[in-house]
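Coordinates from coords_32.cif are shown below (mmCIF, C-alpha atoms).
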```cif
data_final
#
loop_
_atom_site.group_PDB
_atom_site.id
_atom_site.type_symbol
_atom_site.label_atom_id
_atom_site.label_comp_id
_atom_site.auth_asym_id
_atom_site.auth_seq_id
_atom_site.Cartn_x
_atom_site.Cartn_y
_atom_site.Cartn_z
ATOM 1 C CA MET A 472 0.000 0.000 0.000
ATOM 2 C CA LEU A 473 1.143 3.524 -0.777
ATOM 3 C CA THR A 474 0.920 6.485 1.549
ATOM 4 C CA ILE A 475 0.933 9.747 -0.401
ATOM 5 C CA SER A 476 1.163 13.042 1.500
ATOM 6 C CA VAL A 477 0.609 16.286 -0.419
ATOM 7 C CA PRO A 478 0.880 19.794 1.065
ATOM 8 C CA ALA A 479 -1.646 22.595 0.926
ATOM 9 C CA SER A 480 -0.654 25.768 -0.843
ATOM 10 C CA THR A 481 -1.445 29.451 -0.907
ATOM 11 C CA SER A 482 -1.067 31.367 -4.139
ATOM 12 C CA ASN A 483 -1.125 34.806 -5.776
ATOM 13 C CA PHE A 484 0.139 36.783 -2.734
ATOM 14 C CA GLY A 485 -2.028 39.673 -3.900
ATOM 15 C CA SER A 486 0.064 41.234 -6.650
ATOM 16 C CA GLY A 487 1.452 37.971 -8.052
ATOM 17 C CA PHE A 488 -1.740 36.771 -9.715
ATOM 18 C CA ASP A 489 -1.175 33.278 -11.213
ATOM 19 C CA ALA A 490 2.584 33.648 -10.642
ATOM 20 C CA PHE A 491 3.409 32.816 -6.996
ATOM 21 C CA GLY A 492 2.653 29.723 -4.936
ATOM 22 C CA LEU A 493 3.817 28.503 -1.531
ATOM 23 C CA ALA A 494 3.509 25.001 -0.057
ATOM 24 C CA LEU A 495 2.181 25.000 3.515
ATOM 25 C CA SER A 496 2.626 22.727 6.528
ATOM 26 C CA LEU A 497 -0.856 21.254 6.167
ATOM 27 C CA TYR A 498 -1.351 17.981 4.340
ATOM 28 C CA ASN A 499 -3.837 15.630 2.768
ATOM 29 C CA HIS A 500 -2.874 11.964 3.085
ATOM 30 C CA PHE A 501 -3.939 9.279 0.616
ATOM 31 C CA TYR A 502 -3.641 5.555 1.406
ATOM 32 C CA VAL A 503 -3.799 3.650 -1.875
ATOM 33 C CA SER A 504 -3.686 0.011 -2.911
ATOM 34 C CA PHE A 505 -4.845 -2.145 -5.808
ATOM 35 C CA SER A 506 -8.338 -3.583 -5.308
ATOM 36 C CA ASP A 507 -11.045 -5.613 -7.055
ATOM 37 C CA PHE A 508 -13.128 -2.468 -7.510
ATOM 38 C CA TYR A 509 -12.863 1.281 -7.047
ATOM 39 C CA SER A 510 -13.682 2.625 -3.588
ATOM 40 C CA VAL A 511 -13.012 5.780 -1.595
ATOM 41 C CA MET A 512 -13.135 6.488 2.131
ATOM 42 C CA VAL A 513 -12.930 10.067 3.385
ATOM 43 C CA GLU A 514 -11.898 11.208 6.860
ATOM 44 C CA GLY A 515 -11.690 14.815 7.995
ATOM 45 C CA GLU A 516 -12.389 17.619 5.543
ATOM 46 C CA GLY A 517 -14.463 17.091 2.411
ATOM 47 C CA GLN A 518 -17.147 14.729 3.654
ATOM 48 C CA HIS A 519 -19.195 15.680 0.584
ATOM 49 C CA LEU A 520 -16.566 14.344 -1.820
ATOM 50 C CA PRO A 521 -17.629 11.459 -4.118
ATOM 51 C CA ARG A 522 -16.860 7.932 -2.903
ATOM 52 C CA ASP A 523 -16.846 6.415 -6.373
ATOM 53 C CA GLU A 524 -15.138 6.921 -9.724
ATOM 54 C CA ASN A 525 -16.309 10.539 -9.771
ATOM 55 C CA ASN A 526 -13.819 11.302 -7.002
ATOM 56 C CA LEU A 527 -11.119 13.595 -8.411
ATOM 57 C CA PHE A 528 -8.265 11.377 -7.170
ATOM 58 C CA ILE A 529 -9.783 8.362 -8.961
ATOM 59 C CA LYS A 530 -10.511 10.371 -12.118
ATOM 60 C CA VAL A 531 -6.893 11.549 -12.305
ATOM 61 C CA TYR A 532 -5.562 8.044 -11.631
ATOM 62 C CA LYS A 533 -7.759 6.550 -14.381
ATOM 63 C CA HIS A 534 -6.817 9.312 -16.827
ATOM 64 C CA SER A 535 -3.125 8.801 -16.035
ATOM 65 C CA CYS A 536 -3.415 5.096 -16.811
ATOM 66 C CA GLY A 537 -5.011 5.925 -20.140
ATOM 67 C CA ARG A 538 -2.476 8.589 -21.047
ATOM 68 C CA LEU A 539 0.387 6.226 -20.221
ATOM 69 C CA LYS A 540 -1.267 3.291 -22.041
ATOM 70 C CA LEU A 541 -1.344 1.110 -18.932
ATOM 71 C CA GLU A 542 -3.698 -1.779 -18.223
ATOM 72 C CA GLU A 543 -5.929 -0.031 -15.713
ATOM 73 C CA ARG A 544 -6.461 -1.807 -12.396
ATOM 74 C CA PRO A 545 -8.986 -0.582 -9.798
ATOM 75 C CA ILE A 546 -7.712 0.949 -6.554
ATOM 76 C CA SER A 547 -9.054 1.634 -3.095
ATOM 77 C CA VAL A 548 -8.272 5.027 -1.591
ATOM 78 C CA LYS A 549 -8.561 6.273 1.965
ATOM 79 C CA GLN A 550 -8.322 10.058 2.115
ATOM 80 C CA VAL A 551 -7.398 11.684 5.402
ATOM 81 C CA ASN A 552 -7.967 15.331 4.604
ATOM 82 C CA HIS A 553 -6.720 18.230 6.703
ATOM 83 C CA ILE A 554 -7.097 20.858 3.957
ATOM 84 C CA PRO A 555 -10.522 22.520 3.720
ATOM 85 C CA THR A 556 -12.098 22.137 0.286
ATOM 86 C CA ALA A 557 -12.856 25.055 -2.074
ATOM 87 C CA ARG A 558 -11.218 27.564 0.268
ATOM 88 C CA GLY A 559 -8.209 28.706 -1.786
ATOM 89 C CA LEU A 560 -5.734 26.310 -0.174
ATOM 90 C CA GLY A 561 -5.038 23.925 -3.048
ATOM 91 C CA SER A 562 -7.120 20.954 -1.909
ATOM 92 C CA SER A 563 -7.953 19.994 -5.511
ATOM 93 C CA SER A 564 -4.278 20.121 -6.435
ATOM 94 C CA THR A 565 -3.485 17.567 -3.724
ATOM 95 C CA ALA A 566 -5.946 15.112 -5.302
ATOM 96 C CA ILE A 567 -4.546 15.740 -8.790
ATOM 97 C CA VAL A 568 -0.941 15.316 -7.675
ATOM 98 C CA GLY A 569 -1.865 12.306 -5.558
ATOM 99 C CA GLY A 570 -3.678 10.539 -8.400
ATOM 100 C CA ILE A 571 -0.720 10.967 -10.747
ATOM 101 C CA LEU A 572 1.786 9.766 -8.138
ATOM 102 C CA ALA A 573 -0.405 6.762 -7.320
ATOM 103 C CA CYS A 574 -0.359 5.697 -10.968
ATOM 104 C CA GLU A 575 3.390 6.261 -11.230
ATOM 105 C CA LYS A 576 4.327 4.309 -8.101
ATOM 106 C CA LEU A 577 1.808 1.470 -8.322
ATOM 107 C CA TYR A 578 3.020 0.665 -11.836
ATOM 108 C CA GLY A 579 6.709 1.131 -11.006
ATOM 109 C CA LEU A 580 7.229 4.040 -13.388
ATOM 110 C CA LYS A 581 9.615 6.989 -13.221
ATOM 111 C CA LEU A 582 7.904 9.995 -14.728
ATOM 112 C CA SER A 583 9.597 13.342 -15.253
ATOM 113 C CA LEU A 584 8.100 16.444 -13.686
ATOM 114 C CA GLU A 585 7.229 17.560 -17.216
ATOM 115 C CA ASP A 586 5.262 14.348 -17.776
ATOM 116 C CA LYS A 587 3.408 14.760 -14.484
ATOM 117 C CA LEU A 588 2.571 18.386 -15.168
ATOM 118 C CA SER A 589 1.314 17.508 -18.648
ATOM 119 C CA ILE A 590 -1.291 15.238 -17.073
ATOM 120 C CA ALA A 591 -2.039 17.598 -14.194
ATOM 121 C CA PHE A 592 -2.722 20.556 -16.479
ATOM 122 C CA GLU A 593 -5.591 18.672 -18.068
ATOM 123 C CA PHE A 594 -7.391 19.004 -14.732
ATOM 124 C CA GLU A 595 -5.905 22.255 -13.385
ATOM 125 C CA PRO A 596 -4.315 24.642 -15.911
ATOM 126 C CA HIS A 597 -2.725 26.920 -13.314
ATOM 127 C CA PRO A 598 0.707 25.875 -12.013
ATOM 128 C CA ASP A 599 0.829 28.115 -8.925
ATOM 129 C CA ASN A 600 -0.846 25.418 -6.798
ATOM 130 C CA LEU A 601 0.415 22.345 -8.651
ATOM 131 C CA LEU A 602 4.130 23.147 -8.532
ATOM 132 C CA PRO A 603 4.237 23.816 -4.758
ATOM 133 C CA ALA A 604 2.278 20.578 -4.249
ATOM 134 C CA PHE A 605 4.814 18.614 -6.298
ATOM 135 C CA LEU A 606 7.971 20.435 -5.174
ATOM 136 C CA GLY A 607 7.300 22.291 -1.932
ATOM 137 C CA GLY A 608 8.666 25.742 -1.143
ATOM 138 C CA PHE A 609 7.965 29.098 -2.764
ATOM 139 C CA VAL A 610 7.565 28.797 -6.527
ATOM 140 C CA ILE A 611 7.493 31.495 -9.193
ATOM 141 C CA CYS A 612 5.696 30.312 -12.343
ATOM 142 C CA ALA A 613 5.636 31.628 -15.909
ATOM 143 C CA SER A 614 3.508 29.804 -18.484
ATOM 144 C CA SER A 615 4.287 29.811 -22.193
ATOM 145 C CA ASP A 616 3.252 27.918 -25.322
ATOM 146 C CA GLU A 617 6.367 25.783 -24.860
ATOM 147 C CA GLY A 618 5.557 24.863 -21.270
ATOM 148 C CA ILE A 619 6.199 26.150 -17.760
ATOM 149 C CA ASN A 620 9.237 28.065 -16.608
ATOM 150 C CA PHE A 621 9.626 28.209 -12.857
ATOM 151 C CA LEU A 622 11.964 28.905 -9.971
ATOM 152 C CA LYS A 623 11.763 27.381 -6.517
ATOM 153 C CA LEU A 624 13.078 29.742 -3.850
ATOM 154 C CA ASP A 625 13.649 29.289 -0.146
ATOM 155 C CA PHE A 626 10.927 31.014 1.852
ATOM 156 C CA PRO A 627 12.069 32.904 4.974
ATOM 157 C CA LYS A 628 11.752 30.479 7.876
ATOM 158 C CA GLU A 629 11.001 33.268 10.317
ATOM 159 C CA LEU A 630 7.712 34.053 8.570
ATOM 160 C CA LYS A 631 4.589 32.276 9.774
ATOM 161 C CA VAL A 632 1.468 32.003 7.625
ATOM 162 C CA VAL A 633 -1.795 32.601 9.478
ATOM 163 C CA VAL A 634 -4.699 31.345 7.392
ATOM 164 C CA CYS A 635 -8.255 32.327 8.296
ATOM 165 C CA VAL A 636 -10.784 29.962 6.735
ATOM 166 C CA PRO A 637 -14.404 31.162 6.533
ATOM 167 C CA ASP A 638 -17.219 28.654 6.782
ATOM 168 C CA PHE A 639 -18.315 28.731 3.158
ATOM 169 C CA GLU A 640 -16.924 27.423 -0.113
ATOM 170 C CA LEU A 641 -16.034 29.490 -3.159
ATOM 171 C CA SER A 642 -15.353 27.714 -6.437
ATOM 172 C CA THR A 643 -12.382 28.822 -8.506
ATOM 173 C CA GLU A 644 -14.706 29.133 -11.502
ATOM 174 C CA LYS A 645 -16.978 31.606 -9.696
ATOM 175 C CA ALA A 646 -13.992 33.546 -8.340
ATOM 176 C CA ARG A 647 -12.485 33.839 -11.838
ATOM 177 C CA ALA A 648 -15.769 34.866 -13.429
ATOM 178 C CA VAL A 649 -15.851 38.186 -11.546
ATOM 179 C CA ILE A 650 -12.395 39.302 -12.735
ATOM 180 C CA LYS A 651 -12.242 41.846 -15.569
ATOM 181 C CA ARG A 652 -11.055 40.456 -18.895
ATOM 182 C CA GLU A 653 -9.401 43.732 -19.898
ATOM 183 C CA VAL A 654 -7.352 45.915 -17.551
ATOM 184 C CA SER A 655 -5.670 49.273 -17.843
ATOM 185 C CA ILE A 656 -1.947 49.779 -18.363
ATOM 186 C CA ARG A 657 -1.934 51.695 -15.095
ATOM 187 C CA ASP A 658 -3.322 48.741 -13.101
ATOM 188 C CA THR A 659 -1.014 46.304 -14.889
ATOM 189 C CA VAL A 660 2.057 48.381 -14.033
ATOM 190 C CA TYR A 661 0.798 48.718 -10.456
ATOM 191 C CA ASN A 662 0.803 44.932 -10.056
ATOM 192 C CA LEU A 663 4.080 44.414 -11.915
ATOM 193 C CA GLN A 664 5.859 46.829 -9.592
ATOM 194 C CA ARG A 665 4.508 45.187 -6.467
ATOM 195 C CA SER A 666 5.060 41.588 -7.550
ATOM 196 C CA ALA A 667 8.715 42.433 -8.243
ATOM 197 C CA LEU A 668 8.907 44.183 -4.885
ATOM 198 C CA LEU A 669 7.480 41.086 -3.191
ATOM 199 C CA VAL A 670 10.229 38.812 -4.500
ATOM 200 C CA GLY A 671 12.895 41.344 -3.538
ATOM 201 C CA ALA A 672 11.434 41.823 -0.074
ATOM 202 C CA LEU A 673 11.415 38.073 0.587
ATOM 203 C CA LEU A 674 14.955 37.519 -0.735
ATOM 204 C CA SER A 675 16.415 40.468 1.190
ATOM 205 C CA ARG A 676 14.197 39.900 4.238
ATOM 206 C CA ARG A 677 12.895 43.472 4.037
ATOM 207 C CA PHE A 678 9.606 42.418 5.555
ATOM 208 C CA GLU A 679 8.502 46.017 6.111
ATOM 209 C CA LEU A 680 7.971 46.183 2.331
ATOM 210 C CA LEU A 681 5.539 43.264 2.216
ATOM 211 C CA LYS A 682 2.434 45.294 3.061
ATOM 212 C CA GLU A 683 2.887 47.387 -0.065
ATOM 213 C CA ALA A 684 4.102 44.408 -2.124
ATOM 214 C CA VAL A 685 0.874 42.390 -1.738
ATOM 215 C CA LYS A 686 -1.423 45.215 -2.849
ATOM 216 C CA ASP A 687 -3.313 44.344 -6.007
ATOM 217 C CA LYS A 688 -5.706 45.814 -8.562
ATOM 218 C CA LEU A 689 -6.264 42.817 -10.849
ATOM 219 C CA HIS A 690 -8.274 40.307 -8.820
ATOM 220 C CA GLN A 691 -8.724 41.011 -5.102
ATOM 221 C CA PRO A 692 -10.990 44.088 -5.474
ATOM 222 C CA TYR A 693 -13.444 42.004 -7.516
ATOM 223 C CA ARG A 694 -13.251 38.803 -5.514
ATOM 224 C CA ALA A 695 -13.707 40.772 -2.291
ATOM 225 C CA GLU A 696 -17.316 41.330 -3.337
ATOM 226 C CA LEU A 697 -17.873 37.568 -2.936
ATOM 227 C CA ILE A 698 -16.382 37.485 0.573
ATOM 228 C CA PRO A 699 -18.309 39.334 3.292
ATOM 229 C CA GLY A 700 -15.970 41.254 5.598
ATOM 230 C CA PHE A 701 -12.833 40.752 3.489
ATOM 231 C CA TRP A 702 -11.466 44.286 3.821
ATOM 232 C CA GLN A 703 -12.269 44.361 7.534
ATOM 233 C CA VAL A 704 -10.337 41.105 7.986
ATOM 234 C CA VAL A 705 -7.363 42.654 6.178
ATOM 235 C CA GLU A 706 -7.529 45.814 8.298
ATOM 236 C CA GLU A 707 -7.757 43.984 11.628
ATOM 237 C CA ALA A 708 -4.874 41.654 10.775
ATOM 238 C CA TYR A 709 -2.650 44.657 10.048
ATOM 239 C CA LYS A 710 -3.722 46.293 13.309
ATOM 240 C CA GLU A 711 -2.497 43.176 15.129
ATOM 241 C CA GLY A 712 0.921 43.426 13.478
ATOM 242 C CA ALA A 713 0.719 41.325 10.317
ATOM 243 C CA SER A 714 3.431 42.034 7.746
ATOM 244 C CA ALA A 715 1.208 41.144 4.766
ATOM 245 C CA VAL A 716 -2.433 40.168 4.283
ATOM 246 C CA PHE A 717 -3.921 38.797 1.070
ATOM 247 C CA LEU A 718 -6.546 36.518 -0.392
ATOM 248 C CA SER A 719 -5.325 32.921 -0.448
ATOM 249 C CA GLY A 720 -5.648 31.657 -3.999
ATOM 250 C CA ALA A 721 -9.135 32.326 -5.334
ATOM 251 C CA GLY A 722 -10.414 32.620 -1.762
ATOM 252 C CA PRO A 723 -12.373 32.791 0.402
ATOM 253 C CA SER A 724 -9.535 32.108 2.878
ATOM 254 C CA VAL A 725 -7.366 35.059 3.878
ATOM 255 C CA ALA A 726 -3.654 34.614 4.604
ATOM 256 C CA SER A 727 -1.355 36.756 6.731
ATOM 257 C CA LEU A 728 2.434 36.708 6.988
ATOM 258 C CA CYS A 729 4.027 37.567 10.312
ATOM 259 C CA MET A 730 7.063 36.915 12.487
ATOM 260 C CA ASP A 731 5.357 37.356 15.861
ATOM 261 C CA GLY A 732 1.860 37.503 17.281
ATOM 262 C CA ALA A 733 0.372 34.837 15.028
ATOM 263 C CA GLU A 734 -2.337 33.784 17.498
ATOM 264 C CA GLY A 735 -3.494 37.362 18.027
ATOM 265 C CA ILE A 736 -3.630 37.955 14.289
ATOM 266 C CA GLY A 737 -5.671 34.795 13.811
ATOM 267 C CA ARG A 738 -8.156 35.768 16.513
ATOM 268 C CA ALA A 739 -8.508 39.274 15.057
ATOM 269 C CA MET A 740 -9.275 37.845 11.617
ATOM 270 C CA VAL A 741 -11.906 35.468 13.035
ATOM 271 C CA GLU A 742 -13.515 38.337 14.954
ATOM 272 C CA ALA A 743 -13.635 40.519 11.838
ATOM 273 C CA PHE A 744 -15.346 37.760 9.870
ATOM 274 C CA SER A 745 -17.755 37.262 12.760
ATOM 275 C CA LYS A 746 -18.783 40.938 12.661
ATOM 276 C CA ALA A 747 -19.624 40.408 8.979
ATOM 277 C CA GLY A 748 -21.840 37.460 9.912
ATOM 278 C CA VAL A 749 -19.373 34.769 8.824
ATOM 279 C CA SER A 750 -18.034 32.054 11.119
ATOM 280 C CA SER A 751 -14.423 31.037 10.542
ATOM 281 C CA LYS A 752 -11.366 29.376 12.030
ATOM 282 C CA TYR A 753 -7.671 30.129 11.814
ATOM 283 C CA MET A 754 -4.546 28.017 11.491
ATOM 284 C CA VAL A 755 -0.946 29.016 12.151
ATOM 285 C CA LEU A 756 1.206 27.358 9.504
ATOM 286 C CA SER A 757 4.693 27.589 8.079
ATOM 287 C CA ALA A 758 6.185 27.050 4.654
ATOM 288 C CA SER A 759 6.733 23.424 3.689
ATOM 289 C CA GLU A 760 10.039 22.990 1.889
ATOM 290 C CA ARG A 761 9.130 19.485 0.817
ATOM 291 C CA GLY A 762 6.464 18.678 -1.704
ATOM 292 C CA ALA A 763 4.499 15.476 -2.185
ATOM 293 C CA LEU A 764 5.967 12.421 -0.475
ATOM 294 C CA VAL A 765 5.251 8.779 -1.324
ATOM 295 C CA LYS A 766 5.947 5.849 0.990
ATOM 296 C CA ASP A 767 5.329 2.159 0.421
ATOM 297 C CA GLU A 768 3.836 1.062 3.748
ATOM 298 C CA GLY A 769 3.257 -2.553 2.804
ATOM 299 C CA SER A 770 -0.131 -2.801 4.558
ATOM 300 C CA HIS A 771 -3.747 -1.892 3.883
ATOM 301 C CA PRO A 772 -5.716 1.142 5.090
#
```
Transcribe the structure of this file into structure tokens.
Amino acid sequence: MLTISVPASTSNFGSGFDAFGLALSLYNHFYVSFSDFYSVMVEGEGQHLPRDENNLFIKVYKHSCGRLKLEERPISVKQVNHIPTARGLGSSSTAIVGGILACEKLYGLKLSLEDKLSIAFEFEPHPDNLLPAFLGGFVICASSDEGINFLKLDFPKELKVVVCVPDFELSTEKARAVIKREVSIRDTVYNLQRSALLVGALLSRRFELLKEAVKDKLHQPYRAELIPGFWQVVEEAYKEGASAVFLSGAGPSVASLCMDGAEGIGRAMVEAFSKAGVSSKYMVLSASERGALVKDEGSHP
């Protein structure tokens, strides 16, 4: 039996829309073995997820077998999920990455990252969650017709990531639908300047620059309309000493970076959501330098 652990991720960092992703110290675990028929058990988050071949993990596994021209064999999967679903924390990416790795390892293959990404992109075309899930760390992504160019950088260990997760889901499709299809040169330059500043601030550890670096005019102002209390959450987190506050992925979760006072920042964010009529919870996480990990346990779930 395989045990596959895949980290959560936060992406965009405000100004770095579709460019930045960071693996987090929160994981979904998949226990996989060959079986006589397909079956799925789910523990923890995502109790609504399908238990049959409509489960994303199974769909990716089956598609991988077809793409690689393998004789498909059914599998049983036990998912132990710690990552909330449809909250902007890369839960879908963990299932996509996990399904590909299950196919690779169960059939004794050695796929290149390019091969894995080729399959993954058929389910999720944006690499800012997929690459951190595969590789860990802070990843800068640039898509082109020829493929993906990326850099993995060390993320400052002294920075904690406080994630506030509201008690409602927001699909990526709905969050993308509200974004303008055409933007002004002025807004484009605004984001370009700040995304460059973000990378420089992280590399030089000039954390006082992060507040300005995560400001954005391309997606957060529009997605905020779908998230009651978003701007209040941002304001209260800064009042408690956060270095940066931004929408995690497509939302609705909100992420803060800080060196100290993480618990106070988390409580302030929960309180701000509460005043907007939204219940939420917070988690204090750190960057995960390792990506997906596969172990052969030799027993059944």
Checklist line | 9 Å contact set for region 619-621 of chain A, all atoms listed in the file, chain neighbours under 2 positions out, as a PyMOL selection string | finding: chain A and resi 585+588+598+602+610-617+623
Ground truth for the PyMOL selection byres ((chain A and resi 601) around 9), written as a JSON list (two decimals) with C-alpha atoms, in the frame of the given file:
```json
[["chain", "number", "residue", "atom", "x", "y", "z"],
["A", 480, "SER", "CA", -0.65, 25.77, -0.84],
["A", 492, "GLY", "CA", 2.65, 29.72, -4.94],
["A", 561, "GLY", "CA", -5.04, 23.92, -3.05],
["A", 564, "SER", "CA", -4.28, 20.12, -6.44],
["A", 565, "THR", "CA", -3.48, 17.57, -3.72],
["A", 567, "ILE", "CA", -4.55, 15.74, -8.79],
["A", 568, "VAL", "CA", -0.94, 15.32, -7.68],
["A", 588, "LEU", "CA", 2.57, 18.39, -15.17],
["A", 591, "ALA", "CA", -2.04, 17.60, -14.19],
["A", 592, "PHE", "CA", -2.72, 20.56, -16.48],
["A", 595, "GLU", "CA", -5.90, 22.26, -13.38],
["A", 596, "PRO", "CA", -4.32, 24.64, -15.91],
["A", 597, "HIS", "CA", -2.72, 26.92, -13.31],
["A", 598, "PRO", "CA", 0.71, 25.88, -12.01],
["A", 599, "ASP", "CA", 0.83, 28.12, -8.93],
["A", 600, "ASN", "CA", -0.85, 25.42, -6.80],
["A", 602, "LEU", "CA", 4.13, 23.15, -8.53],
["A", 603, "PRO", "CA", 4.24, 23.82, -4.76],
["A", 604, "ALA", "CA", 2.28, 20.58, -4.25],
["A", 605, "PHE", "CA", 4.81, 18.61, -6.30],
["A", 606, "LEU", "CA", 7.97, 20.43, -5.17]]
```
Next item on the list: Show which residues sit within 8 Å of Tyr532 (chain A), as a ChimeraX atom specification. Count only C-alpha atoms, and ignore same-chain residues fewer than 3 positions away.
Entry: /A:528-529,535-536,570-571,573-574
Next item on the list: Please identify all polymer residues within 9 Å of His500 (chain A), counting all atoms listed in the file, omitting same-chain residues fewer than 5 positions from it, and present them as JSON, numbers by chain.
Entry: {"A": [474, 475, 476, 477, 478, 549, 550, 551, 552, 553, 565, 569]}
Margin query: Env of Gly720 (chain A): 10 Å cut, atoms = only C-alpha atoms, seq-sep filter 5 positions within chain, self excluded. Answer as number ranges by chain.
Written below: A: 480-485, 488-489, 491-492, 557-561, 599-600, 643, 646, 691, 725-726
Item checked: For CA of Ser563 (chain A) and CA of Glu542 (chain A), the interatomic separation in Å (one decimal) ->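 Computing it gives 25.6 Å between the two atoms.
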Item checked: Interatomic distance (Å, one decimal) between CA of Leu689 (chain A) and CA of Val660 (chain A) -> 10.5 Å
Please enclose the listed atoms of region 486-496 of chain A in an axis-aligned box, pad each side by 4 Å, and write out the centre and the three edge lengths in Å, rounded to one decimal, as AutoDock Vina command-line options.
```
--center_x 1.0 --center_y 32.0 --center_z -2.3 --size_x 13.6 --size_y 26.5 --size_z 25.7
```
Margin query: I'd like to see the residues matched by the PyMOL selection byres ((chain A and resi 729-746) around 7) on this file, and ideally I'd get them as a ChimeraX atom specification.
Written below: /A:629-633,635,700,703-704,707-708,711,713-714,727-728,747-753,755
Checklist line | Hits of the PyMOL selection byres ((chain A and resi 664) around 12) in this structure, as a list of chain:residue names | finding: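 Selected by the PyMOL selection byres ((chain A and resi 664) around 12) in this file: A:Ser486, A:Gly487, A:Arg657, A:Asp658, A:Thr659, A:Val660, A:Tyr661, A:Asn662, A:Leu663, A:Arg665, A:Ser666, A:Ala667, A:Leu668, A:Leu669, A:Val670, A:Gly671, A:Glu683, A:Ala684, A:Val685, A:Lys686, A:Asp687, A:Lys688.
Taking all atoms listed in the file into account, Lys645 (chain A) lies nearest to A:Tyr693 out of the set A:Tyr693, A:Tyr709, A:Phe701, A:Tyr509.
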Check: Do you have the CA of Leu641 (chain A)-CA of Met512 (chain A) distance handy?
Finding: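 A separation of 23.8 Å between them.
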Excluding Asp767 (chain A) and residues on its chain fewer than 2 positions from it, collect all residues at most 10 Å away from it, counting only C-alpha atoms, and give them as a PDB file with C-alpha atoms, in the coordinates of the input.
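And here's selection_23.pdb as it stands now:
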```
ATOM      1  CA  MET A 472       0.000   0.000   0.000  1.00  0.00           C
ATOM      2  CA  LEU A 473       1.143   3.524  -0.777  1.00  0.00           C
ATOM      3  CA  THR A 474       0.920   6.485   1.549  1.00  0.00           C
ATOM      4  CA  ILE A 475       0.933   9.747  -0.401  1.00  0.00           C
ATOM      5  CA  TYR A 502      -3.641   5.555   1.406  1.00  0.00           C
ATOM      6  CA  VAL A 503      -3.799   3.650  -1.875  1.00  0.00           C
ATOM      7  CA  SER A 504      -3.686   0.011  -2.911  1.00  0.00           C
ATOM      8  CA  LYS A 576       4.327   4.309  -8.101  1.00  0.00           C
ATOM      9  CA  LEU A 577       1.808   1.470  -8.322  1.00  0.00           C
ATOM     10  CA  VAL A 765       5.251   8.779  -1.324  1.00  0.00           C
ATOM     11  CA  GLY A 769       3.257  -2.553   2.804  1.00  0.00           C
ATOM     12  CA  SER A 770      -0.131  -2.801   4.558  1.00  0.00           C
TER      13      SER A 770
END
```
Checklist line | Ref. answer, residues at most 6 Å from (-8.3, 38.9, -13.5) with only C-alpha atoms, as number ranges by chain | finding: A: 650-651, 689-690
Next item on the list: Pick out the closest residue to Arg522 (chain A) from this set: A:Phe505, A:Ser547, A:Lys682, A:His534. Count all atoms listed in the file.
Entry: A:Ser547
Test item: write region 537-568 of chain A with C-alpha atoms as an mmCIF file, in the first residue's frame:
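Everything below was put into result.cif:
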```cif
data_model
loop_
_atom_site.group_PDB
_atom_site.id
_atom_site.type_symbol
_atom_site.label_atom_id
_atom_site.label_comp_id
_atom_site.auth_asym_id
_atom_site.auth_seq_id
_atom_site.Cartn_x
_atom_site.Cartn_y
_atom_site.Cartn_z
ATOM 1 C CA GLY A 537 -5.011 5.925 -20.140
ATOM 2 C CA ARG A 538 -2.476 8.589 -21.047
ATOM 3 C CA LEU A 539 0.387 6.226 -20.221
ATOM 4 C CA LYS A 540 -1.267 3.291 -22.041
ATOM 5 C CA LEU A 541 -1.344 1.110 -18.932
ATOM 6 C CA GLU A 542 -3.698 -1.779 -18.223
ATOM 7 C CA GLU A 543 -5.929 -0.031 -15.713
ATOM 8 C CA ARG A 544 -6.461 -1.807 -12.396
ATOM 9 C CA PRO A 545 -8.986 -0.582 -9.798
ATOM 10 C CA ILE A 546 -7.712 0.949 -6.554
ATOM 11 C CA SER A 547 -9.054 1.634 -3.095
ATOM 12 C CA VAL A 548 -8.272 5.027 -1.591
ATOM 13 C CA LYS A 549 -8.561 6.273 1.965
ATOM 14 C CA GLN A 550 -8.322 10.058 2.115
ATOM 15 C CA VAL A 551 -7.398 11.684 5.402
ATOM 16 C CA ASN A 552 -7.967 15.331 4.604
ATOM 17 C CA HIS A 553 -6.720 18.230 6.703
ATOM 18 C CA ILE A 554 -7.097 20.858 3.957
ATOM 19 C CA PRO A 555 -10.522 22.520 3.720
ATOM 20 C CA THR A 556 -12.098 22.137 0.286
ATOM 21 C CA ALA A 557 -12.856 25.055 -2.074
ATOM 22 C CA ARG A 558 -11.218 27.564 0.268
ATOM 23 C CA GLY A 559 -8.209 28.706 -1.786
ATOM 24 C CA LEU A 560 -5.734 26.310 -0.174
ATOM 25 C CA GLY A 561 -5.038 23.925 -3.048
ATOM 26 C CA SER A 562 -7.120 20.954 -1.909
ATOM 27 C CA SER A 563 -7.953 19.994 -5.511
ATOM 28 C CA SER A 564 -4.278 20.121 -6.435
ATOM 29 C CA THR A 565 -3.485 17.567 -3.724
ATOM 30 C CA ALA A 566 -5.946 15.112 -5.302
ATOM 31 C CA ILE A 567 -4.546 15.740 -8.790
ATOM 32 C CA VAL A 568 -0.941 15.316 -7.675
#
```
